[in-house]
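Enquirer: I'm passing along run.cif; it holds mmCIF, C-alpha atoms and all ligand atoms.
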data_start
loop_
_atom_site.group_PDB
_atom_site.id
_atom_site.type_symbol
_atom_site.label_atom_id
_atom_site.label_comp_id
_atom_site.auth_asym_id
_atom_site.auth_seq_id
_atom_site.Cartn_x
_atom_site.Cartn_y
_atom_site.Cartn_z
ATOM 1 C CA MET A 25 12.240 -5.160 11.204
ATOM 2 C CA ILE A 26 10.206 -4.244 8.157
ATOM 3 C CA LEU A 27 6.880 -2.539 8.837
ATOM 4 C CA TRP A 28 4.437 -2.817 5.980
ATOM 5 C CA TYR A 29 0.983 -1.856 4.895
ATOM 6 C CA SER A 30 -0.641 -2.971 1.643
ATOM 7 C CA GLY A 31 -4.122 -3.081 0.174
ATOM 8 C CA CYS A 32 -3.792 -5.196 -2.944
ATOM 9 C CA GLY A 33 -0.523 -6.987 -2.263
ATOM 10 C CA ASN A 34 2.024 -4.967 -4.271
ATOM 11 C CA SER A 35 3.674 -3.448 -1.214
ATOM 12 C CA ARG A 36 3.448 -6.701 0.678
ATOM 13 C CA PHE A 37 5.330 -8.374 -2.148
ATOM 14 C CA VAL A 38 8.072 -5.725 -1.920
ATOM 15 C CA ALA A 39 8.200 -6.006 1.885
ATOM 16 C CA ASP A 40 8.380 -9.826 1.784
ATOM 17 C CA SER A 41 10.982 -9.796 -0.985
ATOM 18 C CA LEU A 42 13.295 -7.371 0.824
ATOM 19 C CA ALA A 43 12.747 -9.066 4.185
ATOM 20 C CA ALA A 44 13.605 -12.494 2.750
ATOM 21 C CA ARG A 45 16.828 -11.167 1.240
ATOM 22 C CA LEU A 46 17.783 -9.130 4.316
ATOM 23 C CA GLY A 47 16.796 -11.768 6.876
ATOM 24 C CA GLU A 48 14.419 -9.317 8.572
ATOM 25 C CA LYS A 49 11.037 -10.016 10.117
ATOM 26 C CA THR A 50 7.932 -8.286 8.754
ATOM 27 C CA VAL A 51 5.265 -6.538 10.843
ATOM 28 C CA PHE A 52 1.844 -5.588 9.466
ATOM 29 C CA ILE A 53 1.214 -1.985 10.506
ATOM 30 C CA PRO A 54 -2.513 -2.331 11.376
ATOM 31 C CA GLN A 55 -1.581 -5.093 13.818
ATOM 32 C CA ALA A 56 1.421 -3.417 15.479
ATOM 33 C CA ASP A 57 0.961 -1.531 18.731
ATOM 34 C CA SER A 58 4.532 -0.887 19.857
ATOM 35 C CA LEU A 59 8.037 -1.114 18.406
ATOM 36 C CA SER A 60 11.182 -2.216 20.132
ATOM 37 C CA PHE A 61 14.625 -2.066 18.536
ATOM 38 C CA ALA A 62 17.640 -4.089 19.597
ATOM 39 C CA GLU A 63 21.148 -2.605 19.329
ATOM 40 C CA GLY A 64 22.104 -2.265 15.622
ATOM 41 C CA GLU A 65 18.657 -3.238 14.323
ATOM 42 C CA ILE A 66 17.412 -1.623 11.122
ATOM 43 C CA LEU A 67 13.918 -0.343 10.376
ATOM 44 C CA GLY A 68 12.214 -0.577 6.985
ATOM 45 C CA ILE A 69 8.808 0.909 6.183
ATOM 46 C CA VAL A 70 6.979 -0.300 3.062
ATOM 47 C CA PHE A 71 3.688 1.138 1.822
ATOM 48 C CA PRO A 72 1.743 2.177 -1.303
ATOM 49 C CA VAL A 73 1.636 5.824 -2.347
ATOM 50 C CA TYR A 74 -1.842 7.311 -1.833
ATOM 51 C CA ALA A 75 -2.513 10.684 -3.430
ATOM 52 C CA TRP A 76 1.190 11.469 -3.923
ATOM 53 C CA SER A 77 1.871 10.968 -0.240
ATOM 54 C CA VAL A 78 2.148 8.525 2.645
ATOM 55 C CA PRO A 79 -1.241 6.912 3.425
ATOM 56 C CA ASN A 80 -2.680 8.598 6.519
ATOM 57 C CA LEU A 81 -2.924 5.296 8.342
ATOM 58 C CA VAL A 82 0.852 4.853 7.952
ATOM 59 C CA SER A 83 1.811 8.392 8.967
ATOM 60 C CA ASP A 84 -0.666 8.338 11.901
ATOM 61 C CA PHE A 85 0.834 5.048 13.051
ATOM 62 C CA LEU A 86 4.380 6.434 12.887
ATOM 63 C CA ARG A 87 3.342 9.563 14.779
ATOM 64 C CA LYS A 88 1.696 7.661 17.624
ATOM 65 C CA VAL A 89 3.349 4.273 18.045
ATOM 66 C CA SER A 90 5.379 3.780 21.204
ATOM 67 C CA MET A 91 9.023 2.988 20.505
ATOM 68 C CA SER A 92 11.785 1.647 22.678
ATOM 69 C CA GLY A 93 15.387 1.701 21.493
ATOM 70 C CA ARG A 94 16.497 3.335 18.248
ATOM 71 C CA PRO A 95 17.008 1.740 14.832
ATOM 72 C CA ALA A 96 20.581 1.970 13.549
ATOM 73 C CA TYR A 97 19.405 2.655 9.975
ATOM 74 C CA VAL A 98 15.999 3.600 8.560
ATOM 75 C CA PHE A 99 14.827 2.981 5.007
ATOM 76 C CA ALA A 100 11.442 3.189 3.335
ATOM 77 C CA ALA A 101 10.175 1.658 0.115
ATOM 78 C CA CYS A 102 6.999 2.822 -1.552
ATOM 79 C CA THR A 103 5.083 1.304 -4.432
ATOM 80 C CA CYS A 104 3.233 3.555 -6.839
ATOM 81 C CA GLY A 105 1.316 3.121 -10.056
ATOM 82 C CA ASP A 106 2.866 6.177 -11.682
ATOM 83 C CA ASN A 107 4.694 8.643 -9.463
ATOM 84 C CA THR A 108 5.127 9.759 -5.874
ATOM 85 C CA GLY A 109 5.145 13.550 -5.725
ATOM 86 C CA TYR A 110 6.869 14.533 -2.451
ATOM 87 C CA THR A 111 6.004 11.324 -0.580
ATOM 88 C CA ALA A 112 9.599 10.948 0.636
ATOM 89 C CA ARG A 113 9.614 14.502 1.946
ATOM 90 C CA VAL A 114 6.387 13.910 3.911
ATOM 91 C CA LEU A 115 7.730 10.707 5.443
ATOM 92 C CA ARG A 116 11.046 12.334 6.312
ATOM 93 C CA LYS A 117 9.199 15.022 8.280
ATOM 94 C CA VAL A 118 6.989 12.531 10.135
ATOM 95 C CA LEU A 119 10.046 10.504 11.170
ATOM 96 C CA LYS A 120 12.046 13.583 12.121
ATOM 97 C CA ARG A 121 9.345 14.498 14.631
ATOM 98 C CA ARG A 122 9.975 11.063 16.204
ATOM 99 C CA GLY A 123 13.705 11.813 16.306
ATOM 100 C CA LEU A 124 14.464 9.448 13.414
ATOM 101 C CA GLU A 125 16.341 10.172 10.217
ATOM 102 C CA LEU A 126 15.102 8.562 7.011
ATOM 103 C CA ASP A 127 18.384 7.334 5.561
ATOM 104 C CA ALA A 128 17.145 5.899 2.278
ATOM 105 C CA PHE A 129 13.940 5.999 0.256
ATOM 106 C CA PHE A 130 13.216 3.606 -2.624
ATOM 107 C CA THR A 131 10.460 4.029 -5.208
ATOM 108 C CA PHE A 132 9.080 0.981 -6.993
ATOM 109 C CA GLN A 133 6.529 1.233 -9.769
ATOM 110 C CA MET A 134 3.913 -1.501 -9.612
ATOM 111 C CA PRO A 135 0.527 -2.036 -11.274
ATOM 112 C CA ASN A 136 -2.076 0.606 -10.494
ATOM 113 C CA THR A 137 -4.878 -0.436 -8.145
ATOM 114 C CA TYR A 138 -6.964 2.747 -7.914
ATOM 115 C CA VAL A 139 -10.208 2.722 -9.902
ATOM 116 C CA ASN A 140 -12.578 4.788 -7.751
ATOM 117 C CA LEU A 141 -12.685 7.871 -9.946
ATOM 118 C CA PRO A 142 -13.936 8.057 -13.518
ATOM 119 C CA GLY A 143 -10.981 7.828 -15.879
ATOM 120 C CA PHE A 144 -8.752 5.882 -13.475
ATOM 121 C CA LYS A 145 -8.082 2.528 -15.070
ATOM 122 C CA LEU A 146 -6.055 -0.576 -14.418
ATOM 123 C CA ASP A 147 -2.869 -1.037 -16.392
ATOM 124 C CA PRO A 148 -3.086 -3.297 -19.433
ATOM 125 C CA PRO A 149 -1.569 -6.700 -18.538
ATOM 126 C CA GLU A 150 1.684 -6.081 -20.468
ATOM 127 C CA LEU A 151 2.303 -2.805 -18.638
ATOM 128 C CA ALA A 152 1.472 -4.386 -15.276
ATOM 129 C CA LYS A 153 3.944 -7.151 -16.031
ATOM 130 C CA SER A 154 6.731 -4.816 -17.128
ATOM 131 C CA LYS A 155 6.296 -2.591 -14.063
ATOM 132 C CA THR A 156 6.498 -5.629 -11.786
ATOM 133 C CA GLU A 157 9.520 -7.048 -13.589
ATOM 134 C CA GLY A 158 11.219 -3.643 -13.450
ATOM 135 C CA THR A 159 10.718 -3.598 -9.683
ATOM 136 C CA VAL A 160 11.941 -7.162 -9.209
ATOM 137 C CA SER A 161 15.066 -6.330 -11.219
ATOM 138 C CA LYS A 162 15.978 -3.668 -8.616
ATOM 139 C CA PHE A 163 15.749 -5.870 -5.515
ATOM 140 C CA ASP A 164 19.346 -7.113 -5.466
ATOM 141 C CA GLU A 165 20.728 -3.599 -5.865
ATOM 142 C CA THR A 166 18.301 -2.301 -3.216
ATOM 143 C CA VAL A 167 19.467 -4.939 -0.751
ATOM 144 C CA HIS A 168 23.063 -3.984 -1.533
ATOM 145 C CA PHE A 169 22.247 -0.303 -0.851
ATOM 146 C CA ILE A 170 20.565 -1.193 2.442
ATOM 147 C CA GLY A 171 23.387 -3.557 3.415
ATOM 148 C CA SER A 172 25.958 -0.819 2.850
ATOM 149 C CA ARG A 173 23.777 1.678 4.793
ATOM 150 C CA ALA A 174 23.517 3.931 1.722
ATOM 151 C CA LYS A 175 21.798 7.301 2.042
ATOM 152 C CA GLY A 176 19.589 9.022 -0.519
ATOM 153 C CA ASP A 177 16.464 8.747 -2.657
ATOM 154 C CA PHE A 178 16.752 5.865 -5.111
ATOM 155 C CA TYR A 179 14.735 5.246 -8.302
ATOM 156 C CA ARG A 180 12.927 8.571 -7.847
ATOM 157 C CA LEU A 181 9.682 9.173 -9.747
ATOM 158 C CA LEU A 182 8.463 12.562 -8.525
ATOM 159 C CA GLY A 183 6.245 13.257 -11.565
ATOM 160 C CA GLY A 184 5.155 16.769 -12.571
ATOM 161 C CA SER A 185 3.981 19.469 -10.119
ATOM 162 C CA PRO A 186 4.932 17.443 -7.029
ATOM 163 C CA PHE A 187 4.308 20.271 -4.567
ATOM 164 C CA PHE A 188 0.801 20.879 -5.875
ATOM 165 C CA LYS A 189 -0.067 17.187 -5.904
ATOM 166 C CA THR A 190 1.291 16.332 -2.459
ATOM 167 C CA TYR A 191 0.408 19.445 -0.500
ATOM 168 C CA ILE A 192 -2.752 20.710 -2.266
ATOM 169 C CA LEU A 193 -4.435 17.741 -3.962
ATOM 170 C CA LYS A 194 -3.710 15.168 -1.270
ATOM 171 C CA PRO A 195 -5.669 16.889 1.528
ATOM 172 C CA LEU A 196 -8.563 17.459 -0.888
ATOM 173 C CA PHE A 197 -8.446 13.809 -1.924
ATOM 174 C CA TYR A 198 -8.698 12.666 1.687
ATOM 175 C CA ALA A 199 -11.387 15.206 2.573
ATOM 176 C CA PHE A 200 -13.704 14.531 -0.335
ATOM 177 C CA LEU A 201 -12.902 11.248 -2.039
ATOM 178 C CA ILE A 202 -11.923 8.697 0.592
ATOM 179 C CA THR A 203 -15.172 7.097 1.677
ATOM 180 C CA ASP A 204 -16.750 3.661 1.743
ATOM 181 C CA ARG A 205 -20.286 4.975 1.325
ATOM 182 C CA LYS A 206 -20.125 4.364 -2.413
ATOM 183 C CA PHE A 207 -19.280 0.655 -2.145
ATOM 184 C CA HIS A 208 -22.131 -1.652 -2.978
ATOM 185 C CA ALA A 209 -22.407 -5.420 -3.458
ATOM 186 C CA GLY A 210 -24.670 -6.263 -6.376
ATOM 187 C CA GLU A 211 -26.929 -9.182 -7.156
ATOM 188 C CA ASP A 212 -24.045 -11.514 -8.054
ATOM 189 C CA CYS A 213 -22.789 -11.474 -4.458
ATOM 190 C CA THR A 214 -22.780 -15.037 -3.105
ATOM 191 C CA GLY A 215 -22.029 -14.033 0.483
ATOM 192 C CA CYS A 216 -18.642 -15.807 0.399
ATOM 193 C CA GLY A 217 -17.131 -13.242 2.781
ATOM 194 C CA LEU A 218 -13.809 -12.913 0.924
ATOM 195 C CA CYS A 219 -14.108 -9.131 0.730
ATOM 196 C CA ALA A 220 -14.379 -8.987 4.541
ATOM 197 C CA LYS A 221 -11.478 -11.392 4.980
ATOM 198 C CA MET A 222 -9.218 -9.428 2.658
ATOM 199 C CA CYS A 223 -9.887 -5.947 4.050
ATOM 200 C CA PRO A 224 -6.638 -4.880 5.744
ATOM 201 C CA LEU A 225 -8.595 -2.651 8.128
ATOM 202 C CA LYS A 226 -11.323 -5.168 8.982
ATOM 203 C CA ASN A 227 -13.832 -2.586 7.820
ATOM 204 C CA ILE A 228 -16.331 -5.070 6.375
ATOM 205 C CA THR A 229 -18.718 -7.211 8.360
ATOM 206 C CA MET A 230 -21.059 -9.792 6.891
ATOM 207 C CA GLU A 231 -24.690 -9.239 7.769
ATOM 208 C CA ASN A 232 -27.376 -11.599 6.496
ATOM 209 C CA GLY A 233 -24.929 -12.938 3.928
ATOM 210 C CA ARG A 234 -24.051 -9.505 2.544
ATOM 211 C CA PRO A 235 -21.021 -7.275 3.134
ATOM 212 C CA ARG A 236 -21.514 -4.125 5.150
ATOM 213 C CA TRP A 237 -18.887 -1.353 5.021
ATOM 214 C CA MET A 238 -18.353 0.158 8.479
ATOM 215 C CA GLY A 239 -16.894 3.609 7.791
ATOM 216 C CA ASN A 240 -13.187 3.020 8.518
ATOM 217 C CA CYS A 241 -11.938 2.688 4.968
ATOM 218 C CA THR A 242 -8.769 3.844 3.228
ATOM 219 C CA ASN A 243 -10.036 3.094 -0.294
ATOM 220 C CA CYS A 244 -7.310 0.542 -0.907
ATOM 221 C CA ASP A 245 -9.829 -1.283 -3.169
ATOM 222 C CA SER A 246 -8.808 -4.734 -1.950
ATOM 223 C CA CYS A 247 -12.475 -5.691 -1.410
ATOM 224 C CA TYR A 248 -13.383 -4.584 -4.925
ATOM 225 C CA HIS A 249 -10.459 -6.321 -6.630
ATOM 226 C CA ARG A 250 -10.715 -9.615 -4.754
ATOM 227 C CA CYS A 251 -14.423 -10.298 -5.099
ATOM 228 C CA PRO A 252 -14.592 -13.568 -7.080
ATOM 229 C CA LYS A 253 -17.835 -12.419 -8.697
ATOM 230 C CA ASN A 254 -16.732 -8.848 -9.430
ATOM 231 C CA ALA A 255 -19.965 -8.004 -7.605
ATOM 232 C CA ILE A 256 -18.674 -4.885 -5.834
ATOM 233 C CA SER A 257 -19.073 -1.459 -7.352
ATOM 234 C CA PHE A 258 -17.913 1.980 -6.216
ATOM 235 C CA GLY A 259 -20.426 4.563 -7.348
ATOM 236 C CA LYS A 260 -20.429 4.719 -11.101
ATOM 237 C CA ALA A 261 -16.630 4.579 -11.386
ATOM 238 C CA ALA A 262 -15.739 0.982 -10.506
ATOM 239 C CA GLY A 263 -17.734 -2.156 -11.204
ATOM 240 C CA LYS A 264 -18.149 -4.800 -13.835
ATOM 241 C CA GLY A 265 -16.019 -3.892 -16.829
ATOM 242 C CA THR A 266 -13.495 -1.836 -14.841
ATOM 243 C CA GLY A 267 -11.301 -4.873 -14.304
ATOM 244 C CA GLN A 268 -9.759 -6.377 -11.203
ATOM 245 C CA TYR A 269 -6.152 -6.675 -10.065
ATOM 246 C CA TYR A 270 -4.284 -7.835 -7.012
ATOM 247 C CA PHE A 271 -0.752 -9.102 -6.680
ATOM 248 C CA LYS A 272 -0.628 -12.852 -7.109
ATOM 249 C CA GLN A 273 2.236 -14.262 -5.108
ATOM 250 C CA HIS A 274 2.534 -17.463 -7.133
ATOM 251 C CA THR A 275 3.638 -15.385 -10.136
ATOM 252 C CA PHE A 276 6.933 -14.801 -8.351
ATOM 253 C CA SER A 277 8.886 -17.062 -6.023
ATOM 254 C CA ILE A 278 7.922 -15.416 -2.750
ATOM 255 C CA SER A 279 5.946 -17.201 -0.071
ATOM 256 C CA GLY A 280 3.626 -15.666 2.511
ATOM 257 C CA ASN A 281 -0.010 -15.228 3.329
ATOM 258 C CA ALA A 282 -2.220 -12.985 1.260
ATOM 259 C CA VAL A 283 -2.843 -9.506 2.610
ATOM 260 C CA GLY A 284 -5.692 -9.502 5.086
ATOM 261 C CA GLN A 285 -4.823 -12.946 6.381
ATOM 262 C CA ALA A 286 -1.666 -11.742 8.066
HETATM 263 C C1 LIG A 301 -6.280 5.442 -2.660
HETATM 264 C C2 LIG A 301 -5.168 5.264 -3.648
HETATM 265 C C3 LIG A 301 -4.409 6.348 -4.066
HETATM 266 C C4 LIG A 301 -3.359 6.170 -4.974
HETATM 267 N N1 LIG A 301 -2.587 7.250 -5.318
HETATM 268 C C5 LIG A 301 -1.528 7.068 -6.138
HETATM 269 C C6 LIG A 301 -0.661 8.160 -6.457
HETATM 270 O O1 LIG A 301 -0.816 9.284 -6.000
HETATM 271 N N2 LIG A 301 0.352 7.941 -7.329
HETATM 272 C C7 LIG A 301 0.580 6.711 -7.888
HETATM 273 O O2 LIG A 301 1.500 6.575 -8.678
HETATM 274 N N3 LIG A 301 -0.187 5.644 -7.559
HETATM 275 C C8 LIG A 301 -1.246 5.805 -6.697
HETATM 276 N N4 LIG A 301 -2.025 4.740 -6.366
HETATM 277 C C9 LIG A 301 -1.635 3.389 -6.875
HETATM 278 C C10 LIG A 301 -0.904 2.596 -5.815
HETATM 279 O O3 LIG A 301 0.034 3.380 -5.127
HETATM 280 C C11 LIG A 301 -0.161 1.413 -6.407
HETATM 281 O O4 LIG A 301 -0.960 0.682 -7.266
HETATM 282 C C12 LIG A 301 0.385 0.528 -5.275
HETATM 283 O O5 LIG A 301 1.360 -0.335 -5.774
HETATM 284 C C13 LIG A 301 -0.695 -0.272 -4.577
HETATM 285 O O6 LIG A 301 -0.086 -1.000 -3.552
HETATM 286 P P1 LIG A 301 -0.761 -2.155 -2.717
HETATM 287 O O7 LIG A 301 -1.080 -3.265 -3.688
HETATM 288 O O8 LIG A 301 0.280 -2.549 -1.752
HETATM 289 O O9 LIG A 301 -1.989 -1.618 -2.086
HETATM 290 C C14 LIG A 301 -3.079 4.886 -5.475
HETATM 291 C C15 LIG A 301 -3.854 3.788 -5.076
HETATM 292 C C16 LIG A 301 -4.886 3.962 -4.163
HETATM 293 C C17 LIG A 301 -5.680 2.772 -3.743
HETATM 294 S S1 LIG A 302 -16.329 -11.111 -2.023
HETATM 295 FE FE1 LIG A 302 -17.954 -10.573 -3.473
HETATM 296 S S2 LIG A 302 -19.267 -12.390 -3.539
HETATM 297 FE FE2 LIG A 302 -18.002 -12.573 -1.696
HETATM 298 S S3 LIG A 302 -19.263 -11.616 -0.061
HETATM 299 FE FE3 LIG A 302 -17.931 -10.009 -0.872
HETATM 300 S S4 LIG A 302 -19.163 -9.004 -2.435
HETATM 301 FE FE4 LIG A 302 -20.152 -10.976 -2.016
HETATM 302 S S1 LIG A 303 -13.387 -1.594 2.867
HETATM 303 FE FE1 LIG A 303 -12.417 -2.182 0.924
HETATM 304 S S2 LIG A 303 -11.419 -0.308 0.180
HETATM 305 FE FE2 LIG A 303 -11.957 0.036 2.327
HETATM 306 S S3 LIG A 303 -10.089 -0.495 3.476
HETATM 307 FE FE3 LIG A 303 -11.353 -2.361 3.380
HETATM 308 S S4 LIG A 303 -10.704 -3.493 1.562
HETATM 309 FE FE4 LIG A 303 -9.880 -1.386 1.439
#
Show me this structure written as structure tokens.
Expert:
Amino acid sequence: MILWYSGCGNSRFVADSLAARLGEKTVFIPQADSLSFAEGEILGIVFPVYAWSVPNLVSDFLRKVSMSGRPAYVFAACTCGDNTGYTARVLRKVLKRRGLELDAFFTFQMPNTYVNLPGFKLDPPELAKSKTEGTVSKFDETVHFIGSRAKGDFYRLLGGSPFFKTYILKPLFYAFLITDRKFHAGEDCTGCGLCAKMCPLKNITMENGRPRWMGNCTNCDSCYHRCPKNAISFGKAAGKGTGQYYFKQHTFSISGNAVGQA
């Protein structure tokens, strides 16, 4: 079983790609309420790095979900725009409290999606392409590692000052920067409802033909990136001119629904 969470599709692509090669089923974390493992079954956990750590919705899920049986092998794969800090260390601790050992952790660089702070920009198309191709080129080896039940941290990208970023900046980021109060749909909004459909947390409702953000947001930016009119802004940081990105499945030979339709 591969558990996954994704805002803009990068992590979903990784989860689908590994699952297809491993013959595993995928389970979307926001829709899972309990986990049951058959004898010998493996567990994979795939997610994007948020603020040099595991997204709170993923770690909260792992802390609380009811589990029956034990996976024979546990791996995680994260996607990040740049680097992870001590994400693996955080996840290892969360799993240890559930009596599980994280056997292997894989880091995959993918195009950046975060644009909610001034100065945070999307990757130029060539960089986005080379990050994605670099990740795809590691899939066969990753599947080999998983198949041989390898242990360790693979393709590590800790970046500088990992302790400071993961243990000091991350809590500040969540306390002060994760909010949906700054999202706004401008005049170009046609009321198509795609932003609501593509929110992995179902945090957007349509009221009188306009999106309304309901306060349970993880700032994944899927609504912003997928708006066909680029009508959504986030304060003064993201809006027209900031650019949009989400993983387009047809670029690579992987099938599956888009995130949010799972
Ligand atoms: C709220 C938020 C925080 C992020 N923090 C980091 C980070 O600390 N380090 C990093 O390299 N990328 C960071 N990113 C970029 C994403 O991890 C990266 O683009 C990821 O592949 C997005 O995956 P997704 O498409 O599955 O949502 C962040 C993105 C978001 C939305
Ligand atoms: S996706 Fe864009 S155009 Fe469609 S309802 Fe949302 S904000 Fe409006
Ligand atoms: S409201 Fe937008 S940014 Fe917040 S979780 Fe939903 S799609 Fe992501």
Enquirer: Give as a PyMOL selection string the residues that the PyMOL selection byres (((chain A and resi 76-84) around 10) and not hetatm) matches when applied to the coordinates above.
Expert: chain A and resi 27-29+53-54+69-75+85-89+102+104+106-115+117-119+182-183+186-191+193-195+198+225+241-242+244
Enquirer: Please produce a file of those selected residues containing C-alpha atoms, as a PDB file, keeping the file's coordinate frame.
Expert:
ATOM      1  CA  LEU A  27       6.880  -2.539   8.837  1.00  0.00           C
ATOM      2  CA  TRP A  28       4.437  -2.817   5.980  1.00  0.00           C
ATOM      3  CA  TYR A  29       0.983  -1.856   4.895  1.00  0.00           C
ATOM      4  CA  ILE A  53       1.214  -1.985  10.506  1.00  0.00           C
ATOM      5  CA  PRO A  54      -2.513  -2.331  11.376  1.00  0.00           C
ATOM      6  CA  ILE A  69       8.808   0.909   6.183  1.00  0.00           C
ATOM      7  CA  VAL A  70       6.979  -0.300   3.062  1.00  0.00           C
ATOM      8  CA  PHE A  71       3.688   1.138   1.822  1.00  0.00           C
ATOM      9  CA  PRO A  72       1.743   2.177  -1.303  1.00  0.00           C
ATOM     10  CA  VAL A  73       1.636   5.824  -2.347  1.00  0.00           C
ATOM     11  CA  TYR A  74      -1.842   7.311  -1.833  1.00  0.00           C
ATOM     12  CA  ALA A  75      -2.513  10.684  -3.430  1.00  0.00           C
ATOM     13  CA  PHE A  85       0.834   5.048  13.051  1.00  0.00           C
ATOM     14  CA  LEU A  86       4.380   6.434  12.887  1.00  0.00           C
ATOM     15  CA  ARG A  87       3.342   9.563  14.779  1.00  0.00           C
ATOM     16  CA  LYS A  88       1.696   7.661  17.624  1.00  0.00           C
ATOM     17  CA  VAL A  89       3.349   4.273  18.045  1.00  0.00           C
ATOM     18  CA  CYS A 102       6.999   2.822  -1.552  1.00  0.00           C
ATOM     19  CA  CYS A 104       3.233   3.555  -6.839  1.00  0.00           C
ATOM     20  CA  ASP A 106       2.866   6.177 -11.682  1.00  0.00           C
ATOM     21  CA  ASN A 107       4.694   8.643  -9.463  1.00  0.00           C
ATOM     22  CA  THR A 108       5.127   9.759  -5.874  1.00  0.00           C
ATOM     23  CA  GLY A 109       5.145  13.550  -5.725  1.00  0.00           C
ATOM     24  CA  TYR A 110       6.869  14.533  -2.451  1.00  0.00           C
ATOM     25  CA  THR A 111       6.004  11.324  -0.580  1.00  0.00           C
ATOM     26  CA  ALA A 112       9.599  10.948   0.636  1.00  0.00           C
ATOM     27  CA  ARG A 113       9.614  14.502   1.946  1.00  0.00           C
ATOM     28  CA  VAL A 114       6.387  13.910   3.911  1.00  0.00           C
ATOM     29  CA  LEU A 115       7.730  10.707   5.443  1.00  0.00           C
ATOM     30  CA  LYS A 117       9.199  15.022   8.280  1.00  0.00           C
ATOM     31  CA  VAL A 118       6.989  12.531  10.135  1.00  0.00           C
ATOM     32  CA  LEU A 119      10.046  10.504  11.170  1.00  0.00           C
ATOM     33  CA  LEU A 182       8.463  12.562  -8.525  1.00  0.00           C
ATOM     34  CA  GLY A 183       6.245  13.257 -11.565  1.00  0.00           C
ATOM     35  CA  PRO A 186       4.932  17.443  -7.029  1.00  0.00           C
ATOM     36  CA  PHE A 187       4.308  20.271  -4.567  1.00  0.00           C
ATOM     37  CA  PHE A 188       0.801  20.879  -5.875  1.00  0.00           C
ATOM     38  CA  LYS A 189      -0.067  17.187  -5.904  1.00  0.00           C
ATOM     39  CA  THR A 190       1.291  16.332  -2.459  1.00  0.00           C
ATOM     40  CA  TYR A 191       0.408  19.445  -0.500  1.00  0.00           C
ATOM     41  CA  LEU A 193      -4.435  17.741  -3.962  1.00  0.00           C
ATOM     42  CA  LYS A 194      -3.710  15.168  -1.270  1.00  0.00           C
ATOM     43  CA  PRO A 195      -5.669  16.889   1.528  1.00  0.00           C
ATOM     44  CA  TYR A 198      -8.698  12.666   1.687  1.00  0.00           C
ATOM     45  CA  LEU A 225      -8.595  -2.651   8.128  1.00  0.00           C
ATOM     46  CA  CYS A 241     -11.938   2.688   4.968  1.00  0.00           C
ATOM     47  CA  THR A 242      -8.769   3.844   3.228  1.00  0.00           C
ATOM     48  CA  CYS A 244      -7.310   0.542  -0.907  1.00  0.00           C
TER      49      CYS A 244
END
Enquirer: Produce the centre coordinates and the three edge lengths, each in Å to one decimal, of the box along x, y and z that contains all listed atoms of segment 256-265 of chain A with 4 Å added on each side, as AutoDock Vina command-line options.
Expert:
--center_x -18.1 --center_y -0.1 --center_z -11.3 --size_x 12.7 --size_y 17.6 --size_z 19.0
Enquirer: Counting all atoms listed in the file, which of A:Leu141, A:Leu42, A:Leu124, A:Ala261 gets nearest to ligand LIG 301 (chain A)?
Expert: A:Leu141
Enquirer: Tell me, in Å to one decimal, how far atom O3 of ligand LIG 301 (chain A) is from atom CA of Arg180 of chain A.
Expert: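 If I compute the distance from atom O3 of ligand LIG 301 (chain A) to atom CA of Arg180 of chain A, I get 14.2 Å.
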Enquirer: Go through the shown structure with the PyMOL selection byres (((chain A and resi 268) around 8) and not hetatm) and write out the matching residues as a list in words.
Expert: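 Selected by the PyMOL selection byres (((chain A and resi 268) around 8) and not hetatm) in this file: Leu146, Tyr248, His249, Arg250, Asn254, Thr266, Gly267, Tyr269 and Tyr270 of chain A.
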Enquirer: Go ahead and write the selection's residues with C-alpha atoms as a PDB file, keeping the file's coordinate frame.
Expert:
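part-v3.pdb written:
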ATOM      1  CA  LEU A 146      -6.055  -0.576 -14.418  1.00  0.00           C
ATOM      2  CA  TYR A 248     -13.383  -4.584  -4.925  1.00  0.00           C
ATOM      3  CA  HIS A 249     -10.459  -6.321  -6.630  1.00  0.00           C
ATOM      4  CA  ARG A 250     -10.715  -9.615  -4.754  1.00  0.00           C
ATOM      5  CA  ASN A 254     -16.732  -8.848  -9.430  1.00  0.00           C
ATOM      6  CA  THR A 266     -13.495  -1.836 -14.841  1.00  0.00           C
ATOM      7  CA  GLY A 267     -11.301  -4.873 -14.304  1.00  0.00           C
ATOM      8  CA  TYR A 269      -6.152  -6.675 -10.065  1.00  0.00           C
ATOM      9  CA  TYR A 270      -4.284  -7.835  -7.012  1.00  0.00           C
TER      10      TYR A 270
END
